[in-house]
Amino acid sequence: MQTITLSVRLPKEDAGKMGELARDLNMERSAFLKRALKRGAEDLRFEYACEAYRKGQASLSRAAEMAGLRVRDMLLRLRDAGLELNYDVSDLQKDIRE
């Protein structure tokens, strides 16, 4: 696996809190930051997909794909995102074609 180095500037207080949490979790700071960055990116992808679904710009299956989730997992998370299933026969036909 190829890796790259990223550089980020954070307020000292935020960096201290992250270092503290890494210690509490018994993790190296770099491992903690990788995990936090990955989880944060996943959350942002989910929010982006939910917004597209909310606006009708993406079908349920497309939103799940955008979020990096299976449709079943997307369905399970809709309520937590404050969304209702808006799915009819035309959506099903569209999803079958995709």
# chains A, B, ... in the order shown; residues from 1 in each chain; ligands from 1
>>> residues_around(residues="region 77-81 of chain A", least_positions_apart="3", cutoff="12 Å", atoms="only C-alpha atoms", output="list in words")
Asp43, Phe46, Glu47, Tyr48, Ala49, Cys50, Glu51, Tyr53, Arg54, Leu60, Ala63, Ala64, Ala67, Leu69, Arg70, Val71, Arg72, Asp73, Met74, Glu84, Leu85 and Asn86 of chain A
>>> select_by_dssp(residues="region 13-80 of chain A", states="helix (DSSP H, G or I)", output="PyMOL selection string")
chain A and resi 13-24+29-54+60-67+71-80
>>> write_last_selection(atoms="C-alpha atoms", output="PDB file, in the first residue's frame")
ATOM      1  CA  GLU A  13      -6.101  23.048  22.217  1.00  0.00           C
ATOM      2  CA  ASP A  14      -7.618  20.675  19.619  1.00  0.00           C
ATOM      3  CA  ALA A  15      -4.306  18.892  19.104  1.00  0.00           C
ATOM      4  CA  GLY A  16      -3.959  18.495  22.858  1.00  0.00           C
ATOM      5  CA  LYS A  17      -7.442  16.996  23.150  1.00  0.00           C
ATOM      6  CA  MET A  18      -6.676  14.545  20.363  1.00  0.00           C
ATOM      7  CA  GLY A  19      -3.401  13.538  21.959  1.00  0.00           C
ATOM      8  CA  GLU A  20      -5.171  13.050  25.270  1.00  0.00           C
ATOM      9  CA  LEU A  21      -7.838  10.846  23.703  1.00  0.00           C
ATOM     10  CA  ALA A  22      -5.198   8.817  21.859  1.00  0.00           C
ATOM     11  CA  ARG A  23      -3.475   8.160  25.183  1.00  0.00           C
ATOM     12  CA  ASP A  24      -6.800   7.242  26.822  1.00  0.00           C
ATOM     13  CA  ARG A  29      -1.141   9.492  17.979  1.00  0.00           C
ATOM     14  CA  SER A  30      -0.610   8.757  14.273  1.00  0.00           C
ATOM     15  CA  ALA A  31      -2.860   5.667  14.416  1.00  0.00           C
ATOM     16  CA  PHE A  32      -5.497   7.685  16.258  1.00  0.00           C
ATOM     17  CA  LEU A  33      -5.350  10.486  13.673  1.00  0.00           C
ATOM     18  CA  LYS A  34      -5.651   8.025  10.768  1.00  0.00           C
ATOM     19  CA  ARG A  35      -8.690   6.438  12.396  1.00  0.00           C
ATOM     20  CA  ALA A  36     -10.297   9.802  13.186  1.00  0.00           C
ATOM     21  CA  LEU A  37      -9.666  11.112   9.673  1.00  0.00           C
ATOM     22  CA  LYS A  38     -11.125   7.981   8.077  1.00  0.00           C
ATOM     23  CA  ARG A  39     -14.203   8.030  10.328  1.00  0.00           C
ATOM     24  CA  GLY A  40     -14.702  11.739   9.730  1.00  0.00           C
ATOM     25  CA  ALA A  41     -14.467  11.294   5.959  1.00  0.00           C
ATOM     26  CA  GLU A  42     -17.019   8.457   6.129  1.00  0.00           C
ATOM     27  CA  ASP A  43     -19.393  10.671   8.129  1.00  0.00           C
ATOM     28  CA  LEU A  44     -19.000  13.525   5.643  1.00  0.00           C
ATOM     29  CA  ARG A  45     -19.641  11.184   2.694  1.00  0.00           C
ATOM     30  CA  PHE A  46     -22.803   9.957   4.415  1.00  0.00           C
ATOM     31  CA  GLU A  47     -23.993  13.526   5.063  1.00  0.00           C
ATOM     32  CA  TYR A  48     -23.308  14.459   1.426  1.00  0.00           C
ATOM     33  CA  ALA A  49     -25.259  11.415   0.206  1.00  0.00           C
ATOM     34  CA  CYS A  50     -28.154  12.185   2.565  1.00  0.00           C
ATOM     35  CA  GLU A  51     -28.349  15.729   1.298  1.00  0.00           C
ATOM     36  CA  ALA A  52     -28.459  14.525  -2.317  1.00  0.00           C
ATOM     37  CA  TYR A  53     -31.201  12.043  -1.400  1.00  0.00           C
ATOM     38  CA  ARG A  54     -33.140  14.699   0.541  1.00  0.00           C
ATOM     39  CA  LEU A  60     -31.694   5.510  -2.603  1.00  0.00           C
ATOM     40  CA  SER A  61     -29.238   3.178  -4.314  1.00  0.00           C
ATOM     41  CA  ARG A  62     -27.204   6.079  -5.693  1.00  0.00           C
ATOM     42  CA  ALA A  63     -27.103   7.736  -2.260  1.00  0.00           C
ATOM     43  CA  ALA A  64     -25.931   4.453  -0.738  1.00  0.00           C
ATOM     44  CA  GLU A  65     -23.207   4.237  -3.376  1.00  0.00           C
ATOM     45  CA  MET A  66     -22.163   7.838  -2.687  1.00  0.00           C
ATOM     46  CA  ALA A  67     -21.962   7.043   1.030  1.00  0.00           C
ATOM     47  CA  VAL A  71     -28.549  -0.136   0.285  1.00  0.00           C
ATOM     48  CA  ARG A  72     -29.621  -2.124   3.361  1.00  0.00           C
ATOM     49  CA  ASP A  73     -27.184  -0.181   5.558  1.00  0.00           C
ATOM     50  CA  MET A  74     -28.322   3.099   4.041  1.00  0.00           C
ATOM     51  CA  LEU A  75     -31.922   2.189   4.855  1.00  0.00           C
ATOM     52  CA  LEU A  76     -30.983   1.433   8.447  1.00  0.00           C
ATOM     53  CA  ARG A  77     -29.293   4.811   8.848  1.00  0.00           C
ATOM     54  CA  LEU A  78     -31.973   6.988   7.208  1.00  0.00           C
ATOM     55  CA  ARG A  79     -33.956   7.567  10.389  1.00  0.00           C
ATOM     56  CA  ASP A  80     -30.863   8.608  12.350  1.00  0.00           C
TER      57      ASP A  80
END
